[in-house]
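So the structure is just underneath, and the comments pick up after that.
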Amino acid sequence: MIKVINLEKNFNGKCVLHDITVSFESGKTNLVIGRSGSGKTVLVKSIAGLHEPDKGEVWFDDVLFNKLDFNSKKEIRKEMGMLFQGSALFDSLTVEQNVRFPLDMFTDKGLEEKTERVNFCLNRVDIKNANHLYPSELSGGMKKRVAIARAIALNPKYLFCDEPNSGLDPITAIMIDDLIRELTEEYSMTTIINTHDMNSVIEIGENIVFISEGYKCWEGNKHEVLHSDCELLNEFIFANSMARHLLAPGKQ
Amino acid sequence: MFRFLSQTGKYFILLKKVFSKPEKPSVYLKQTLFELYNLGFNSVGIVTIISFFMGAVIVLQTAYNTENPIYPTYLIGLTCRDMMLLEFSSTVTGLILAGKVGSSIASEIGTMRVTEQIDALEMMGVNSASYLILPKIVATLLFNPILTLLSIIVGILGGWLAGTTAGVITSEDFIYGIQYAFIPYYLTYALIKTLIFAFIITSISASQGYNVDGGSLEVGRASTKAVVFSSVLILLFNVILTQTLLS
């Protein structure tokens, strides 16, 4: 479980996250939604420790993560996986080397054992016969799946996904969403997904937090999200006419 | 002034991170071997070509500017040796490597920054500064002295070939000249300068790349800054080291 208490983050004197308090449960897909520039990525990166919060607490189970020193943070980070918006695969490494990287860095396993684990992770994300390809030779969806395989290589307890299906076609996007949900349940991970994709909200939104201009405006799940009385959330959810037609015909 | 102080501060904070204990020495060793090839061995060609022609030009210039019977011709060989040894092979090669290696390091690390690859390393619990920069520093510190020695040898060879082919000096005179009044300390001086310049090129360029904030435009700017700052510092340290080591 990840708990955020009164989190605040400023950039050059401008506050981009205001007093955010929220809990993310393990074994569930927790979604952070909001418009572009609302502070979603900053929130996820502040939780993951890529940004240093200016105020507030970030708890990973019973550990106050943001007050730990550099080396103690490194230990907790070994239990985290992150899927970045642009996949962030290492350009100079092959698919196999990318997935093996955390194993090389943090385990004393032999090459055979590591290769077995790499193949297991790649199979799990349905990547076959691509071990020796470079990231530049992969499609967008494949890159995301390889990045997921790398993120789960060390069996993380916490998984962060920054816009996992941005730039993907709807079918591939749903496949990625399903994969994240399945892995979350399978490994009982605490997964935080940062998205503005409505398909994801409806498909995998077990716990949803809506952020607007750095404020937490609403919290609920995929069943409640369509019937909220939060105006900003409704504007976001029913922004396009298809959503208005299909999800809430009454709101046209 | 504030920007200068801020950049200097960032540079030293980065160096502190770079020289912290590696997570797994075997991975760093593998990376260092790769960088030895990438940054060192791949520079052999350019250093050889430039040194050869510079040695040739030094000999021809010296010959045409000392056309006086009171100067013994072996001085042409001596001048070629000392210029290669004292200045050219360490400083000029340093400046050339600042362009080639420096821009490559800054753009490589800068691109990793803007494509979140550095964030990915940090997320895994890897000290990204150390993992990306330390092997490059070690590799250049190990290989640049070899490049300097190569540059001295090739430069003198270029001088000999140009001088004897153009008929401005005989082979015997040239060989006598390069052996005449040789001070072995000059070699130590050249190698000390090479080591310091190697550190400047790698660390300054890496710092520019690592601290990129923005997109591809900033990566290009960082790459340019890396070359400019490294070159200026090489020239500055050249003066300081010459005064310190030769006075």
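Following the order of the structure tokens, chains are lettered A, B, ..., residues in each are numbered from 1, and ligands are numbered from 1.
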With DSSP run on the backbone, what are the alpha helix (DSSP H) residues within segment 91-203 of chain B? I'd like them as a ChimeraX atom specification.
/B:93-97,103-114,117-124,128-166,171-179,185-203
Can you check which residues of chain A have any atom within 10 Å of chain B? Use only C-alpha atoms and format it as a PyMOL selection string.
chain A and resi 45+48-50+70-91+101-102+104-108+147+150-151+154+156+160
Dump as a tab-separated table (two decimals), in the first residue's frame, selection limited to C-alpha atoms:
chain	number	residue	atom	x	y	z
A	45	LYS	CA	7.07	11.05	-9.93
A	48	ALA	CA	8.22	7.38	-6.86
A	49	GLY	CA	10.95	9.69	-5.59
A	50	LEU	CA	11.97	11.12	-8.96
A	70	PHE	CA	19.84	8.19	-0.67
A	71	ASN	CA	21.03	4.64	0.08
A	72	SER	CA	17.89	3.58	1.96
A	73	LYS	CA	15.78	4.95	-0.91
A	74	LYS	CA	17.83	2.82	-3.29
A	75	GLU	CA	16.85	-0.29	-1.34
A	76	ILE	CA	13.12	0.52	-1.60
A	77	ARG	CA	13.54	1.37	-5.28
A	78	LYS	CA	14.61	-2.20	-5.95
A	79	GLU	CA	11.01	-3.08	-5.09
A	80	MET	CA	9.61	-0.62	-7.63
A	81	GLY	CA	9.01	-0.90	-11.33
A	82	MET	CA	8.09	1.94	-13.60
A	83	LEU	CA	6.66	2.11	-17.07
A	84	PHE	CA	7.47	5.46	-18.62
A	85	GLN	CA	5.39	7.33	-21.19
A	86	GLY	CA	8.04	6.87	-23.88
A	87	SER	CA	8.98	3.39	-22.59
A	88	ALA	CA	12.52	4.60	-21.68
A	89	LEU	CA	14.16	1.44	-22.96
A	90	PHE	CA	17.95	1.71	-23.16
A	91	ASP	CA	18.70	2.40	-26.84
A	101	PHE	CA	19.56	-5.13	-16.83
A	102	PRO	CA	17.95	-5.03	-13.34
A	104	ASP	CA	22.52	-7.97	-13.80
A	105	MET	CA	22.60	-5.00	-11.48
A	106	PHE	CA	20.94	-6.40	-8.38
A	107	THR	CA	21.14	-10.18	-8.39
A	108	ASP	CA	23.94	-12.71	-8.24
A	147	ALA	CA	9.22	-1.94	-20.69
A	150	ARG	CA	11.73	-4.97	-17.53
A	151	ALA	CA	9.62	-3.40	-14.78
A	154	LEU	CA	12.65	-8.17	-10.12
A	156	PRO	CA	8.33	-5.45	-7.74
A	160	PHE	CA	4.13	3.00	-11.56
Nearest candidate to Ser188 of chain A (options A:Lys28, A:Arg117, A:Lys9, A:Lys222; using only C-alpha atoms):
A:Lys28
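Put simply, atom CA of Gly220 of chain B is 26.6 Å away from atom CA of Phe19 of chain B.
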Counting only C-alpha atoms, which of A:Val146, A:Ala153, A:Leu68, A:Val4 gets nearest to Leu43 of chain A?
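The shortest atom-to-atom distance to Leu43 of chain A comes from A:Val4.
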Within 10 Å of Val63 of chain A, counting only C-alpha atoms, which residues qualify if same-chain residues fewer than 3 places away don't, as a PyMOL selection string?
chain A and resi 2-3+58-60+66-68+76
Set the distance at 7 Å and use only C-alpha atoms: which residues neighbour Glu35 of chain B once local chain neighbours fewer than 2 positions away are removed? I'd like the list as number ranges by chain.
B: 31-33, 37-39, 135-136, 139
In Å to one decimal, how far is atom CA of Ile152 of chain B from atom CA of Phe52 of chain B?
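Here the two named atoms are 9.1 Å from each other.
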Pro164 of chain A proximity check over A:Ser92, A:Thr191, A:Thr21, A:Ser46, using only C-alpha atoms: winner is A:Thr191
Could you pull out all residues of segment 14-242 of chain A with a DSSP call of strand (DSSP E) and give them as a count of residues only?
51
